[in-house]
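K.L.:
Provided below: final15.tsv, containing TSV, C-alpha atoms.
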```
chain	number	residue	atom	x	y	z
K	116	MET	CA	-22.55	26.48	2.86
K	117	THR	CA	-19.39	26.37	0.77
K	118	LYS	CA	-18.75	23.56	-1.70
K	119	ARG	CA	-15.77	22.42	0.32
K	120	ARG	CA	-17.74	22.21	3.52
K	121	ARG	CA	-20.44	20.22	1.74
K	122	PHE	CA	-17.78	17.77	0.53
K	123	PHE	CA	-16.32	17.41	4.03
K	124	ILE	CA	-19.74	16.74	5.56
K	125	GLY	CA	-20.49	14.17	2.84
K	126	PHE	CA	-17.15	12.44	3.45
K	127	ALA	CA	-17.85	12.28	7.20
K	128	ILE	CA	-21.34	10.86	6.62
K	129	ILE	CA	-19.91	8.14	4.35
K	130	SER	CA	-17.42	7.10	7.07
K	131	LEU	CA	-20.18	7.07	9.70
K	132	LEU	CA	-22.38	4.89	7.47
K	133	LEU	CA	-19.54	2.48	6.73
K	134	ALA	CA	-18.65	2.07	10.41
K	135	GLY	CA	-22.20	2.32	11.72
K	136	VAL	CA	-24.17	0.26	9.19
K	137	VAL	CA	-22.00	-1.54	6.61
K	138	SER	CA	-19.86	-2.94	9.46
K	139	TYR	CA	-22.68	-5.39	10.27
K	140	PHE	CA	-22.01	-7.06	6.94
K	141	ALA	CA	-18.25	-7.44	7.48
K	142	ASN	CA	-16.77	-10.92	7.21
K	143	SER	CA	-16.11	-12.32	10.66
K	144	ASN	CA	-13.36	-14.77	9.69
K	145	PRO	CA	-9.82	-14.01	10.94
K	146	ASP	CA	-7.89	-11.64	8.70
K	147	GLY	CA	-4.92	-12.72	6.58
K	148	LEU	CA	-2.31	-12.33	9.28
K	149	ASP	CA	-4.40	-13.91	12.04
K	150	ALA	CA	-5.26	-16.82	9.76
K	151	VAL	CA	-1.61	-17.46	8.90
K	152	THR	CA	-0.57	-17.37	12.55
K	153	ARG	CA	-3.21	-20.06	13.20
K	154	ASN	CA	-1.81	-22.38	10.50
K	155	GLY	CA	-1.03	-25.71	12.12
K	156	CYS	CA	-3.56	-25.27	14.92
K	157	THR	CA	-7.06	-26.56	15.25
K	158	VAL	CA	-9.71	-24.51	17.00
K	159	VAL	CA	-11.12	-26.42	19.97
K	160	GLN	CA	-14.39	-25.21	21.47
K	161	THR	CA	-14.32	-25.35	25.26
K	162	SER	CA	-16.62	-24.09	27.95
K	163	GLN	CA	-14.33	-21.05	28.27
K	164	GLY	CA	-14.58	-20.33	24.54
K	165	GLU	CA	-12.16	-21.10	21.72
K	166	ARG	CA	-8.80	-22.69	22.43
K	167	LEU	CA	-6.06	-23.52	19.96
K	168	GLY	CA	-4.81	-27.10	19.79
K	169	GLY	CA	-1.67	-28.23	17.95
K	170	ASP	CA	1.32	-26.04	17.24
K	171	CYS	CA	1.16	-22.58	15.65
K	172	ILE	CA	2.33	-18.98	16.05
K	173	ALA	CA	-1.01	-17.78	17.42
K	174	GLN	CA	-0.63	-19.98	20.51
K	175	HIS	CA	1.95	-17.48	21.71
K	176	ALA	CA	-0.52	-14.61	21.44
K	177	ALA	CA	-1.06	-12.89	24.77
K	178	GLU	CA	-4.48	-11.83	25.92
K	179	HIS	CA	-5.09	-8.17	25.12
K	180	PRO	CA	-4.48	-6.04	28.24
K	181	LEU	CA	-7.59	-3.96	27.44
K	182	LYS	CA	-9.77	-6.93	26.55
K	183	SER	CA	-12.37	-6.02	29.11
K	184	GLY	CA	-12.66	-2.43	27.91
K	185	PRO	CA	-16.19	-1.18	27.16
K	186	LEU	CA	-15.64	-1.16	23.37
K	187	ALA	CA	-13.37	-4.22	23.08
K	188	ASP	CA	-13.71	-6.10	19.77
K	189	TYR	CA	-16.01	-3.41	18.35
K	190	THR	CA	-18.83	-4.26	20.72
K	191	VAL	CA	-20.48	-2.38	23.56
K	192	SER	CA	-19.64	-4.33	26.73
K	193	GLY	CA	-19.23	-7.49	24.69
K	194	ASP	CA	-22.56	-7.19	22.90
K	195	SER	CA	-21.90	-7.43	19.16
K	196	ARG	CA	-25.38	-6.15	18.35
K	197	PHE	CA	-23.87	-2.73	19.03
K	198	THR	CA	-20.98	-3.03	16.55
K	199	GLY	CA	-22.39	-0.08	14.62
K	200	VAL	CA	-22.42	2.05	17.78
K	201	ALA	CA	-18.80	1.09	18.51
K	202	GLY	CA	-17.95	1.93	14.90
K	203	VAL	CA	-19.55	5.36	15.10
K	204	VAL	CA	-17.69	6.06	18.36
K	205	GLY	CA	-14.48	5.01	16.61
K	206	VAL	CA	-15.05	7.30	13.63
K	207	VAL	CA	-15.85	10.25	15.89
K	208	ALA	CA	-12.83	9.53	18.11
K	209	THR	CA	-10.52	9.20	15.10
K	210	LEU	CA	-11.86	12.40	13.60
K	211	ALA	CA	-11.39	14.22	16.91
K	212	VAL	CA	-7.84	12.98	17.53
K	213	ALA	CA	-6.59	13.22	13.94
K	214	GLY	CA	-8.48	16.38	13.07
K	215	GLY	CA	-7.33	18.01	16.31
K	216	LEU	CA	-3.68	17.06	15.77
K	217	PHE	CA	-3.67	18.19	12.13
K	218	TRP	CA	-5.43	21.45	12.95
K	219	VAL	CA	-2.78	22.24	15.57
K	220	LEU	CA	0.08	21.24	13.24
K	221	ARG	CA	-1.20	23.17	10.21
K	222	ARG	CA	0.52	26.19	8.73
K	223	ARG	CA	-1.48	29.28	9.56
K	224	SER	CA	-2.73	31.13	6.49
K	225	ASP	CA	-0.75	34.28	7.38
K	226	GLU	CA	2.66	32.59	7.33
K	227	SER	CA	2.76	30.86	3.96
O	24	MET	CA	-1.00	-8.41	15.12
O	25	SER	CA	-1.59	-9.45	18.71
O	26	ASP	CA	0.84	-9.17	21.58
O	27	GLY	CA	3.13	-12.13	22.17
O	28	LEU	CA	3.82	-13.11	18.56
O	29	LEU	CA	7.18	-11.35	18.73
O	30	ASN	CA	9.63	-11.65	21.61
O	31	ALA	CA	10.16	-8.69	23.94
O	32	PRO	CA	13.42	-7.33	22.41
O	33	THR	CA	11.91	-7.40	18.91
O	34	SER	CA	8.72	-5.69	20.11
O	35	ILE	CA	10.83	-2.97	21.75
O	36	LEU	CA	13.05	-2.62	18.67
O	37	PHE	CA	10.00	-1.92	16.52
O	38	LEU	CA	8.48	0.40	19.12
O	39	VAL	CA	11.67	2.44	18.71
O	40	VAL	CA	11.53	2.23	14.90
O	41	ALA	CA	7.88	3.34	14.97
O	42	ALA	CA	8.60	6.20	17.38
O	43	LEU	CA	11.40	7.47	15.15
O	44	GLY	CA	9.31	7.18	12.00
O	45	VAL	CA	6.28	8.87	13.54
O	46	SER	CA	8.47	11.68	14.92
O	47	ILE	CA	9.86	12.37	11.47
O	48	ALA	CA	6.35	12.31	10.01
O	49	LEU	CA	5.20	14.77	12.72
O	50	MET	CA	7.99	17.17	11.76
O	51	LYS	CA	7.43	16.87	8.01
O	52	ALA	CA	3.61	16.80	8.02
O	53	ARG	CA	3.29	20.52	8.65
O	54	VAL	CA	4.29	21.39	5.07
O	55	ASP	CA	1.23	19.56	3.75
O	56	LEU	CA	-1.27	20.89	6.30
O	57	ASP	CA	-3.20	24.12	5.95
O	58	ASP	CA	-6.73	25.37	6.63
O	59	ARG	CA	-8.00	23.33	3.68
O	60	THR	CA	-6.02	20.08	3.99
O	61	ALA	CA	-6.05	19.69	7.80
O	62	PRO	CA	-9.80	18.90	7.98
O	63	MET	CA	-9.43	16.67	4.92
O	64	ALA	CA	-6.66	14.73	6.68
O	65	GLY	CA	-8.82	14.23	9.78
O	66	LEU	CA	-11.60	12.90	7.58
O	67	VAL	CA	-9.20	10.58	5.76
O	68	ALA	CA	-8.11	9.10	9.11
O	69	ALA	CA	-11.77	8.57	10.08
O	70	PHE	CA	-12.45	6.96	6.70
O	71	VAL	CA	-9.48	4.59	7.13
O	72	PHE	CA	-10.81	3.64	10.58
O	73	ALA	CA	-14.26	2.91	9.14
O	74	THR	CA	-12.93	0.96	6.20
O	75	GLN	CA	-10.60	-1.15	8.34
O	76	MET	CA	-13.72	-2.49	10.09
O	77	LEU	CA	-15.03	-3.88	6.83
O	78	ASN	CA	-13.42	-7.29	6.45
O	79	PHE	CA	-14.09	-8.87	3.06
O	80	PRO	CA	-13.71	-12.60	2.31
O	81	VAL	CA	-10.54	-13.63	0.46
O	82	LEU	CA	-10.37	-17.41	1.00
O	83	PRO	CA	-12.59	-19.93	2.80
O	84	GLY	CA	-12.27	-18.99	6.46
O	85	VAL	CA	-9.99	-16.03	5.78
O	86	SER	CA	-10.84	-12.35	5.45
O	87	GLY	CA	-8.92	-9.21	4.66
O	88	HIS	CA	-9.36	-5.53	5.29
O	89	LEU	CA	-7.93	-2.27	4.04
O	90	LEU	CA	-4.62	-1.15	5.55
O	91	GLY	CA	-4.98	2.33	4.07
O	92	GLY	CA	-1.41	3.57	3.68
O	93	ALA	CA	-1.52	4.14	-0.08
O	94	LEU	CA	-5.04	5.58	0.15
O	95	ALA	CA	-4.02	8.11	2.78
O	96	ALA	CA	-0.73	9.00	1.07
O	97	ILE	CA	-2.41	9.64	-2.30
O	98	LEU	CA	-5.07	11.85	-0.69
O	99	VAL	CA	-3.07	13.78	1.93
O	100	GLY	CA	0.61	13.07	1.28
O	101	PRO	CA	2.99	10.51	2.79
O	102	TRP	CA	3.80	12.27	6.09
O	103	VAL	CA	0.24	13.14	7.00
O	104	GLY	CA	-0.88	9.77	5.61
O	105	ALA	CA	1.50	7.91	7.92
O	106	LEU	CA	0.06	9.87	10.86
O	107	CYS	CA	-3.52	9.05	9.80
O	108	VAL	CA	-2.82	5.31	9.80
O	109	THR	CA	-0.84	5.57	13.06
O	110	ILE	CA	-3.75	7.28	14.84
O	111	VAL	CA	-6.15	4.60	13.57
O	112	LEU	CA	-3.87	1.81	14.85
O	113	VAL	CA	-3.38	3.45	18.25
O	114	LEU	CA	-7.12	3.96	18.73
O	115	GLN	CA	-7.88	0.41	17.60
O	116	ALA	CA	-5.44	-0.98	20.15
O	117	LEU	CA	-6.44	1.30	23.03
O	118	LEU	CA	-10.20	1.64	22.53
O	119	PHE	CA	-11.17	-1.58	20.76
O	120	ALA	CA	-8.52	-4.08	22.00
O	121	ASP	CA	-7.78	-4.73	18.31
O	122	GLY	CA	-4.06	-5.23	17.78
O	123	GLY	CA	-1.66	-5.63	20.68
O	124	VAL	CA	-0.16	-2.86	22.78
O	125	THR	CA	3.46	-4.05	22.82
O	126	ALA	CA	2.88	-5.07	19.18
O	127	LEU	CA	1.87	-1.50	18.35
O	128	GLY	CA	5.41	-0.65	17.24
O	129	ALA	CA	5.51	-3.48	14.72
O	130	ASN	CA	1.96	-2.75	13.52
O	131	ILE	CA	2.73	0.96	13.04
O	132	THR	CA	6.00	0.10	11.29
O	133	ASN	CA	4.29	-2.27	8.86
O	134	MET	CA	1.04	-0.50	8.07
O	135	ALA	CA	1.67	3.19	8.79
O	136	LEU	CA	5.34	3.53	7.81
O	137	ILE	CA	6.31	0.79	5.33
O	138	GLY	CA	2.89	0.55	3.66
O	139	THR	CA	2.44	4.30	3.34
O	140	ALA	CA	6.00	4.94	2.12
O	141	VAL	CA	5.92	2.17	-0.48
O	142	GLY	CA	2.38	3.00	-1.58
O	143	PHE	CA	3.31	6.65	-2.03
O	144	ALA	CA	6.52	5.81	-3.93
O	145	VAL	CA	4.56	3.67	-6.39
O	146	ALA	CA	1.87	6.35	-6.70
O	147	VAL	CA	4.49	9.00	-7.51
O	148	ALA	CA	6.11	6.71	-10.08
O	149	LEU	CA	2.69	6.24	-11.70
O	150	ARG	CA	1.73	9.93	-11.61
O	151	PRO	CA	2.21	10.26	-15.40
O	152	LEU	CA	-0.48	7.59	-15.74
O	153	ALA	CA	-2.79	9.47	-13.35
O	154	LYS	CA	-2.46	12.62	-15.46
O	155	ARG	CA	-4.19	10.89	-18.37
O	156	GLY	CA	-7.60	10.93	-16.73
O	157	LYS	CA	-9.97	8.86	-14.66
O	158	ALA	CA	-8.81	5.40	-15.79
O	159	GLY	CA	-5.22	6.40	-15.19
O	160	ILE	CA	-6.05	7.62	-11.67
O	161	ALA	CA	-7.84	4.34	-10.94
O	162	ALA	CA	-4.91	2.27	-12.23
O	163	MET	CA	-2.40	4.34	-10.24
O	164	ALA	CA	-4.45	3.94	-7.04
O	165	LEU	CA	-5.06	0.23	-7.56
O	166	ILE	CA	-1.43	-0.65	-8.21
O	167	SER	CA	-0.02	1.51	-5.38
O	168	ALA	CA	-2.51	0.03	-2.90
O	169	PHE	CA	-1.76	-3.53	-4.00
O	170	VAL	CA	1.98	-3.01	-3.55
O	171	ASN	CA	1.36	-1.25	-0.20
O	172	THR	CA	-0.52	-4.30	1.15
O	173	VAL	CA	1.98	-6.90	-0.02
O	174	VAL	CA	5.07	-4.99	1.14
O	175	ALA	CA	3.47	-4.02	4.48
O	176	SER	CA	2.70	-7.69	5.12
O	177	SER	CA	6.30	-8.63	4.41
O	178	GLY	CA	7.17	-6.35	7.34
O	179	PHE	CA	5.65	-9.06	9.54
O	180	VAL	CA	7.90	-11.63	7.86
O	181	LEU	CA	10.93	-9.48	8.71
O	182	GLU	CA	9.78	-9.14	12.34
O	183	TYR	CA	9.10	-12.86	12.59
O	184	ALA	CA	12.59	-13.53	11.20
O	185	ILE	CA	14.15	-11.26	13.83
O	186	GLY	CA	12.24	-12.44	16.86
O	187	GLY	CA	9.08	-14.39	16.12
O	188	GLN	CA	7.63	-16.90	18.56
O	189	GLY	CA	6.73	-20.37	17.44
O	190	ALA	CA	8.45	-23.13	15.53
O	191	VAL	CA	6.99	-22.49	12.09
O	192	SER	CA	9.77	-22.09	9.50
O	193	LEU	CA	10.37	-18.65	8.04
O	194	GLY	CA	9.82	-19.86	4.49
O	195	THR	CA	6.40	-21.27	5.36
O	196	VAL	CA	5.37	-18.06	7.11
O	197	ALA	CA	6.68	-15.86	4.29
O	198	THR	CA	4.88	-17.82	1.57
O	199	ALA	CA	1.58	-17.89	3.47
O	200	ILE	CA	1.67	-14.23	4.54
O	201	ILE	CA	2.68	-12.84	1.15
O	202	GLY	CA	0.35	-15.19	-0.70
O	203	VAL	CA	-2.76	-14.22	1.25
O	204	HIS	CA	-1.83	-10.53	1.12
O	205	CYS	CA	-1.66	-10.66	-2.68
O	206	LEU	CA	-5.37	-11.50	-2.51
O	207	ILE	CA	-6.09	-8.88	0.16
O	208	GLY	CA	-4.09	-6.41	-1.95
O	209	ILE	CA	-6.62	-6.77	-4.77
O	210	GLY	CA	-9.40	-5.74	-2.37
O	211	GLU	CA	-7.27	-2.90	-1.03
O	212	GLY	CA	-6.60	-1.84	-4.63
O	213	VAL	CA	-10.28	-1.80	-5.56
O	214	ILE	CA	-11.33	0.17	-2.45
O	215	THR	CA	-8.47	2.65	-2.92
O	216	ALA	CA	-9.23	3.12	-6.62
O	217	LEU	CA	-12.94	3.70	-5.92
O	218	THR	CA	-12.18	6.19	-3.15
O	219	VAL	CA	-9.49	8.15	-4.97
O	220	THR	CA	-11.45	8.40	-8.24
O	221	ALA	CA	-14.54	9.52	-6.30
O	222	VAL	CA	-12.62	12.30	-4.53
O	223	ALA	CA	-10.78	13.25	-7.73
O	224	ALA	CA	-14.08	13.54	-9.58
O	225	VAL	CA	-15.55	16.12	-7.20
O	226	ARG	CA	-12.54	17.75	-5.50
O	227	PRO	CA	-9.33	17.07	-7.48
O	228	ASP	CA	-7.69	19.90	-5.53
O	229	LEU	CA	-7.98	17.75	-2.38
O	230	VAL	CA	-6.01	14.85	-3.86
O	231	HIS	CA	-2.40	15.43	-2.79
O	232	LEU	CA	-0.93	13.39	-5.62
O	233	LEU	CA	-2.83	15.37	-8.27
O	234	ARG	CA	-1.74	18.78	-7.09
O	235	GLY	CA	-0.69	20.84	-10.08
O	236	VAL	CA	-1.78	18.15	-12.50
O	237	LYS	CA	-4.85	19.99	-13.72
O	238	ARG	CA	-2.81	23.09	-14.35
O	239	GLU	CA	-0.34	21.10	-16.45
O	240	LEU	CA	-3.18	19.63	-18.48
O	241	GLU	CA	-4.61	23.08	-19.08
O	242	ILE	CA	-1.26	24.45	-20.24
O	243	LYS	CA	-0.82	21.54	-22.64
O	244	SER	CA	-4.21	21.91	-24.27
```
So, in terms of structure tokens, how does the structure I just supplied come out?

P.N.:
Amino acid sequence: MTKRRRFFIGFAIISLLLAGVVSYFANSNPDGLDAVTRNGCTVVQTSQGERLGGDCIAQHAAEHPLKSGPLADYTVSGDSRFTGVAGVVGVVATLAVAGGLFWVLRRRSDES
Amino acid sequence: MSDGLLNAPTSILFLVVAALGVSIALMKARVDLDDRTAPMAGLVAAFVFATQMLNFPVLPGVSGHLLGGALAAILVGPWVGALCVTIVLVLQALLFADGGVTALGANITNMALIGTAVGFAVAVALRPLAKRGKAGIAAMALISAFVNTVVASSGFVLEYAIGGQGAVSLGTVATAIIGVHCLIGIGEGVITALTVTAVAAVRPDLVHLLRGVKRELEIKS
């Protein structure tokens, strides 16, 4: 195995571990932008889940059209115990799409 | 950001901006892609996806996560880097319902185009620093990533100014967004510095920004 290939495999394993394992330790609070758009609102717990009371930017947020997708919110069918599984699927999907696109776009070695 | 925070004309405007920017990146990326860098670029995109999942606390009740533009640009160049972040954002929106669909244009503009371009510009300006060794590389990566986060977040302020929904004043939004992203930028800086120095330590030839640097150092000595 070449040194470069060993590096690539190591890099892939690190990404898989981050998305598959470390992701369980991620902070679940809203991120900077989401938090700012909620400024001015209070979170009201209702039987249908969280609702925003008051007046803020986030009240204008539309429900995500793919909210009921199988991997929505980094879960598997809504079950957050499988965040790591969703993360691994995401890493593999990203690698496939990005790697595939870049491999097709690349300059072939005989034309440089 | 989610759908609905910007009005329809503004969302469409930034979908057009994003489409133009990504098209240019697609045309220019080829120069930086070969048998060696193409797999690296795919792995960088996957790494950005993984790292974006890892929200870290910045304030009580508020978290932040890597945006990745500077990181990707330093490792694989600005054009390929912009495409890496774009692919991550598209997959997040379509597979994970994270980030709106009509908001995708604004999100790509902020994080993949503005963040990557600004991060790369700062990194290039600090390349003399990076040539001095490991500490210089870390400082270059940290500062470029910090600026990338803060400037990318001000993209949202611009979009809100053009067509944001809600009655909150622009000044209030700008102060809050830029303030919190100064904190997130520190986290982005630390993660980027750790990643870039780690890659540079084992495979400096795979760090786009350091191409040719080693040779220059050898000639000098």

K.L.:
Please identify every residue of chain K that has at least one atom no more than 6 Å from any atom of chain O, counting all atoms listed in the file, and report them as a tab-separated table (two decimals) with C-alpha atoms, in the coordinates of the input.

P.N.:
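Result file out-v7.tsv:
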```
chain	number	residue	atom	x	y	z
K	130	SER	CA	-17.42	7.10	7.07
K	133	LEU	CA	-19.54	2.48	6.73
K	134	ALA	CA	-18.65	2.07	10.41
K	138	SER	CA	-19.86	-2.94	9.46
K	141	ALA	CA	-18.25	-7.44	7.48
K	142	ASN	CA	-16.77	-10.92	7.21
K	144	ASN	CA	-13.36	-14.77	9.69
K	145	PRO	CA	-9.82	-14.01	10.94
K	146	ASP	CA	-7.89	-11.64	8.70
K	147	GLY	CA	-4.92	-12.72	6.58
K	172	ILE	CA	2.33	-18.98	16.05
K	175	HIS	CA	1.95	-17.48	21.71
K	176	ALA	CA	-0.52	-14.61	21.44
K	177	ALA	CA	-1.06	-12.89	24.77
K	181	LEU	CA	-7.59	-3.96	27.44
K	182	LYS	CA	-9.77	-6.93	26.55
K	186	LEU	CA	-15.64	-1.16	23.37
K	187	ALA	CA	-13.37	-4.22	23.08
K	188	ASP	CA	-13.71	-6.10	19.77
K	189	TYR	CA	-16.01	-3.41	18.35
K	206	VAL	CA	-15.05	7.30	13.63
K	209	THR	CA	-10.52	9.20	15.10
K	210	LEU	CA	-11.86	12.40	13.60
K	213	ALA	CA	-6.59	13.22	13.94
K	214	GLY	CA	-8.48	16.38	13.07
K	217	PHE	CA	-3.67	18.19	12.13
K	218	TRP	CA	-5.43	21.45	12.95
K	220	LEU	CA	0.08	21.24	13.24
K	221	ARG	CA	-1.20	23.17	10.21
K	222	ARG	CA	0.52	26.19	8.73
```

K.L.:
Could you work out how far CA of Asn133 in chain O lies from CA of Ile35 in chain O, giving the answer in Å with one decimal?

P.N.:
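Between CA of Ile35 in chain O and CA of Asn133 in chain O the gap is 14.5 Å.
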
K.L.:
What does the distance between CA of Val136 in chain K and CA of Leu127 in chain O come to in Å, to one decimal place?

P.N.:
27.7 Å

K.L.:
Find the spatial neighbours of Val230 in chain O, counting all atoms listed in the file, within a cut-off of 6 Å - ignore same-chain residues fewer than 3 positions away - and output them as a PyMOL selection string.

P.N.:
chain O and resi 98+227+233

K.L.:
Residues of the last selection are to be written out with C-alpha atoms, as a short mmCIF file (atom, residue, chain, number, x, y, z; two decimals), in the frame of the given file.

P.N.:
```
data_model
loop_
_atom_site.label_atom_id
_atom_site.label_comp_id
_atom_site.auth_asym_id
_atom_site.auth_seq_id
_atom_site.Cartn_x
_atom_site.Cartn_y
_atom_site.Cartn_z
CA LEU O 98 -5.07 11.85 -0.69
CA PRO O 227 -9.33 17.07 -7.48
CA LEU O 233 -2.83 15.37 -8.27
#
```

K.L.:
Write out as a count of residues only each polymer residue whose atoms come within 6 Å of Cys171 in chain K, counting all atoms listed in the file; drop sequence neighbours fewer than 3 positions from it.

P.N.:
5

K.L.:
Excluding Ala153 in chain O and any residue of its chain fewer than 2 positions from it, enumerate the residues within 9 Å of it, using all atoms listed in the file, and give them as a VMD selection string.

P.N.:
chain O and resid 146 149 to 151 155 to 164 232 to 233 236

K.L.:
One decimal, in Å: what's the spacing between CA of Val203 in chain K and CA of Ala127 in chain K?

P.N.:
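Answer for the CA of Val203 in chain K to CA of Ala127 in chain K separation: 10.6 Å.
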
K.L.:
Between O:Ala41, O:Val219, O:Ala105, O:Ile166, which is the closest to Asn130 in chain O once you count all atoms listed in the file?

P.N.:
O:Ala41

K.L.:
Here is a test: counting all atoms listed in the file, which residue of O:Ala168, O:Val147, O:Ala223, O:Ile209 is nearest to Gly92 in chain O?

P.N.:
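Smallest separation from Gly92 in chain O among the options: O:Ala168.
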
K.L.:
May I ask which of the residues O:Ala93, O:Leu165, O:Ile131, O:Ile137 is the closest one to Val39 in chain O, counting only C-alpha atoms?

P.N.:
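Smallest distance to Val39 in chain O is found for O:Ile131.
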
K.L.:
Determine, counting all atoms listed in the file, every residue of protein, DNA or RNA that lies within 10 Å of (-24.3, 8.8, 14.9) in the file coordinates, then give the result as an mmCIF file with C-alpha atoms, keeping the file's coordinate frame.

P.N.:
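The result, written out as selection23.cif:
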```cif
data_model
loop_
_atom_site.group_PDB
_atom_site.id
_atom_site.type_symbol
_atom_site.label_atom_id
_atom_site.label_comp_id
_atom_site.auth_asym_id
_atom_site.auth_seq_id
_atom_site.Cartn_x
_atom_site.Cartn_y
_atom_site.Cartn_z
ATOM 1 C CA ILE K 128 -21.340 10.860 6.620
ATOM 2 C CA LEU K 131 -20.180 7.070 9.700
ATOM 3 C CA LEU K 132 -22.380 4.890 7.470
ATOM 4 C CA ALA K 134 -18.650 2.070 10.410
ATOM 5 C CA GLY K 135 -22.200 2.320 11.720
ATOM 6 C CA GLY K 199 -22.390 -0.080 14.620
ATOM 7 C CA VAL K 200 -22.420 2.050 17.780
ATOM 8 C CA GLY K 202 -17.950 1.930 14.900
ATOM 9 C CA VAL K 203 -19.550 5.360 15.100
ATOM 10 C CA VAL K 204 -17.690 6.060 18.360
ATOM 11 C CA VAL K 206 -15.050 7.300 13.630
ATOM 12 C CA VAL K 207 -15.850 10.250 15.890
#
```

K.L.:
Could you tell me which of K:Val151, K:Ser143, K:Phe122, K:Gly205 comes closest to Val191 in chain K if we count all atoms listed in the file?

P.N.:
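Closest to Val191 in chain K of all the choices is K:Gly205.
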
K.L.:
Please provide as a VMD selection string all residues within 9 Å of Glu182 in chain O, with the sequence filter that same-chain residues fewer than 4 positions apart are discarded (counting all atoms listed in the file).

P.N.:
chain O and resid 29 33 to 34 37 129 177 to 178 186 to 187
